[in-house]
file data.cif (mmCIF, C-alpha atoms)
data_my_file
#
loop_
_atom_site.label_atom_id
_atom_site.label_comp_id
_atom_site.auth_asym_id
_atom_site.auth_seq_id
_atom_site.Cartn_x
_atom_site.Cartn_y
_atom_site.Cartn_z
CA MET A 292 118.88 100.37 83.93
CA ARG A 293 116.83 98.47 86.49
CA LYS A 294 113.12 97.97 86.03
CA VAL A 295 110.03 97.24 88.08
CA SER A 296 110.31 93.60 87.01
CA ASP A 297 113.63 93.43 88.92
CA ILE A 298 111.85 94.50 92.10
CA LEU A 299 109.05 91.97 91.56
CA THR A 300 111.62 89.23 90.92
CA ARG A 301 113.37 90.07 94.20
CA LYS A 302 110.32 90.49 96.41
CA GLY A 303 107.80 88.37 94.55
CA SER A 304 104.52 89.38 93.02
CA ASN A 305 102.29 88.00 95.76
CA VAL A 306 99.64 90.63 96.41
CA ILE A 307 97.54 90.82 99.57
CA SER A 308 94.01 91.94 98.76
CA ILE A 309 90.65 92.49 100.43
CA ASP A 310 87.12 93.06 99.21
CA ALA A 311 85.87 96.64 99.03
CA GLN A 312 83.01 95.86 101.44
CA THR A 313 85.41 94.85 104.23
CA SER A 314 85.36 97.06 107.31
CA VAL A 315 88.31 99.35 107.80
CA LEU A 316 89.04 97.66 111.14
CA ASP A 317 89.31 94.24 109.50
CA ALA A 318 91.59 95.71 106.84
CA LEU A 319 93.83 97.23 109.51
CA ILE A 320 93.98 93.91 111.36
CA LEU A 321 95.05 92.21 108.12
CA MET A 322 97.67 94.87 107.40
CA ALA A 323 99.07 94.68 110.94
CA GLY A 324 99.19 90.89 110.80
CA LYS A 325 101.09 90.94 107.51
CA ASN A 326 103.23 93.94 108.57
CA ILE A 327 102.29 95.89 105.43
CA GLY A 328 101.33 99.52 104.92
CA SER A 329 98.86 99.01 102.10
CA VAL A 330 96.49 96.43 100.72
CA ILE A 331 94.93 96.01 97.28
CA VAL A 332 91.16 96.47 97.22
CA THR A 333 89.08 94.32 94.88
CA GLU A 334 85.48 94.30 93.72
CA ASP A 335 84.15 91.20 92.00
CA GLY A 336 87.73 89.88 91.96
CA GLU A 337 89.06 92.86 90.00
CA TYR A 338 91.40 95.64 91.11
CA ALA A 339 89.40 98.61 92.46
CA GLY A 340 91.96 100.62 94.41
CA LEU A 341 94.43 100.63 97.26
CA LEU A 342 94.00 101.16 100.98
CA THR A 343 96.94 102.72 102.79
CA GLU A 344 97.71 103.72 106.34
CA ARG A 345 97.59 107.31 105.09
CA ASP A 346 94.00 106.77 103.87
CA TYR A 347 93.07 105.54 107.33
CA ALA A 348 94.73 108.44 109.14
CA ARG A 349 93.24 111.13 106.92
CA LYS A 350 89.82 109.72 106.10
CA VAL A 351 88.88 107.92 109.31
CA VAL A 352 90.88 109.25 112.26
CA LEU A 353 90.91 112.93 111.26
CA GLU A 354 87.26 112.85 110.21
CA GLY A 355 86.15 111.08 113.39
CA ARG A 356 84.68 108.12 111.52
CA SER A 357 84.25 104.62 112.90
CA SER A 358 86.72 101.94 111.87
CA THR A 359 84.03 99.31 112.25
CA GLY A 360 81.25 101.23 110.52
CA THR A 361 83.29 102.40 107.55
CA THR A 362 84.04 100.16 104.58
CA VAL A 363 87.30 100.10 102.73
CA ARG A 364 85.48 101.28 99.59
CA GLU A 365 84.63 104.56 101.31
CA ILE A 366 88.23 105.53 102.00
CA MET A 367 90.41 103.66 99.49
CA SER A 368 92.65 105.50 97.03
CA THR A 369 91.60 105.21 93.40
CA GLY A 370 93.00 106.52 90.16
CA LEU A 371 96.60 105.77 91.10
CA PRO A 372 99.09 105.83 88.26
CA ARG A 373 99.56 102.36 86.78
CA ILE A 374 103.02 101.14 85.91
CA LEU A 375 104.27 98.23 83.86
CA PRO A 376 106.92 95.63 84.72
CA ASP A 377 109.11 97.27 82.05
CA SER A 378 108.88 100.71 83.72
CA SER A 379 112.22 102.01 84.94
CA ILE A 380 112.98 102.61 88.61
CA GLU A 381 113.69 106.24 87.72
CA THR A 382 110.21 106.59 86.22
CA CYS A 383 108.69 105.17 89.40
CA MET A 384 110.66 107.60 91.58
CA HIS A 385 109.47 110.49 89.44
CA ILE A 386 105.82 109.38 89.54
CA MET A 387 105.91 108.78 93.30
CA SER A 388 107.58 112.11 93.98
CA GLU A 389 105.34 114.14 91.67
CA SER A 390 102.14 112.46 92.90
CA ASN A 391 103.24 112.34 96.56
CA ILE A 392 102.38 108.64 96.83
CA ARG A 393 104.17 105.70 98.40
CA TYR A 394 102.73 102.76 96.45
CA LEU A 395 102.26 101.92 92.78
CA PRO A 396 100.19 99.07 91.38
CA VAL A 397 101.92 97.13 88.60
CA PHE A 398 99.87 95.89 85.64
CA ARG A 399 100.57 93.48 82.81
CA LEU A 400 97.93 93.40 80.07
CA ASP A 401 95.43 95.24 82.30
CA LYS A 402 95.83 92.64 85.07
CA LEU A 403 97.36 93.49 88.43
CA CYS A 404 100.63 91.60 88.75
CA GLY A 405 102.20 93.28 91.79
CA ILE A 406 102.66 96.37 93.87
CA ILE A 407 105.80 98.32 94.67
CA SER A 408 106.47 100.74 97.49
CA ILE A 409 108.83 103.66 97.87
CA THR A 410 110.90 101.37 100.11
CA ASP A 411 111.24 98.88 97.24
CA VAL A 412 112.37 101.68 94.91
CA VAL A 413 114.91 103.01 97.42
CA THR A 414 116.24 99.50 98.13
CA GLU A 415 116.66 98.84 94.40
CA THR A 416 118.39 102.18 93.89
CA ILE A 417 120.82 101.45 96.74
CA SER A 418 121.53 98.03 95.22
CA VAL A 419 122.35 99.65 91.86
CA HIS A 420 124.77 102.05 93.56
CA GLU A 421 126.41 99.24 95.53
CA ASP A 422 126.89 97.24 92.33
CA THR A 423 128.46 100.27 90.65
CA ILE A 424 130.82 100.79 93.58
CA GLU A 425 131.90 97.14 93.48
CA GLN A 426 132.52 97.32 89.73
CA LEU A 427 134.60 100.47 90.17
CA LYS A 428 136.60 98.87 92.99
CA SER A 429 137.29 95.84 90.82
CA TYR A 430 138.33 98.06 87.91
CA ILE A 431 140.69 100.10 90.08
CA GLN A 432 142.26 97.00 91.65
CA SER A 433 142.89 95.27 88.32
#
call {"tool": "encode", "arguments": {"input": "data.cif", "output": "structure tokens"}}
result
Amino acid sequence: MRKVSDILTRKGSNVISIDAQTSVLDALILMAGKNIGSVIVTEDGEYAGLLTERDYARKVVLEGRSSTGTTVREIMSTGLPRILPDSSIETCMHIMSESNIRYLPVFRLDKLCGIISITDVVTETISVHEDTIEQLKSYIQS
């Protein structure tokens, strides 16, 4: 059974973060420049939440707020489920599906050590299935 640690090994645990007092526009510029759909939000160097494109669409665009006059702290997602590197991919799929979220922060000893997306989970699941298919092909051919 594959785990979150397998995803972090493959993609790395480098996390892009911004301070909670950053303007939403600056956060969007950072996200666009890095080609990412979410960014970790910190306060005093500690994890505070997550800003996603969905947060922007729902809490700035739909509410007619200003991207320059709104801080990340005002619209970030908080209280997201926390997962561990030992969490299974199946657990992550269940949490993401039940909570209708696309990103999960990963913690080791109460310290943020990575973030995974639904794309990471799907990619890992496909990889597992491809490995199984190859093993079955080898078994049949032997």
call {"tool": "closest_residue", "arguments": {"input": "data.cif", "among": "A:Leu427, A:Arg399, A:Thr416, A:Leu371", "to": "A:Ile386", "atoms": "only C-alpha atoms"}}
result
A:Leu371
call {"tool": "closest_residue", "arguments": {"input": "data.cif", "among": "A:Val295, A:Met384, A:Val315, A:Val413", "to": "A:Arg364", "atoms": "all atoms listed in the file"}}
result
A:Val315
call {"tool": "resolve_selection", "arguments": {"input": "data.cif", "expression": "the PyMOL selection byres ((chain A and resi 336-340) around 12)", "output": "ChimeraX atom specification"}}
result
/A:306-312,329-335,341-343,346,363-373,394-398,401-406
call {"tool": "residues_around", "arguments": {"input": "data.cif", "residues": "A:Ile380", "least_positions_apart": "4", "cutoff": "9 Å", "atoms": "only C-alpha atoms", "output": "PyMOL selection string"}}
result
chain A and resi 292-295+298+384-385+412+415-416
call {"tool": "atom_distance", "arguments": {"input": "data.cif", "atom1": "atom CA of A:Leu316", "atom2": "atom CA of A:Ser304"}}
result
25.2 Å
call {"tool": "closest_residue", "arguments": {"input": "data.cif", "among": "A:Ile424, A:Leu299, A:Ile327, A:Met322", "to": "A:Asp377", "atoms": "only C-alpha atoms"}}
result
A:Leu299
call {"tool": "resolve_selection", "arguments": {"input": "data.cif", "expression": "the PyMOL selection byres ((chain A and resi 358) around 7)", "output": "PyMOL selection string"}}
result
chain A and resi 314-316+351+356-357+359-361
call {"tool": "atom_distance", "arguments": {"input": "data.cif", "atom1": "atom CA of A:Ser379", "atom2": "atom CA of A:Thr410"}}
result
15.2 Å
call {"tool": "closest_residue", "arguments": {"input": "data.cif", "among": "A:Ala318, A:Ile407, A:Ala323, A:Ile431", "to": "A:Asp297", "atoms": "all atoms listed in the file"}}
result
A:Ile407
call {"tool": "atom_distance", "arguments": {"input": "data.cif", "atom1": "atom CA of A:Leu319", "atom2": "atom CA of A:Glu344"}}
result
8.2 Å
call {"tool": "closest_residue", "arguments": {"input": "data.cif", "among": "A:Ser390, A:Thr423, A:Asn326, A:Thr414", "to": "A:Lys302", "atoms": "only C-alpha atoms"}}
result
A:Thr414
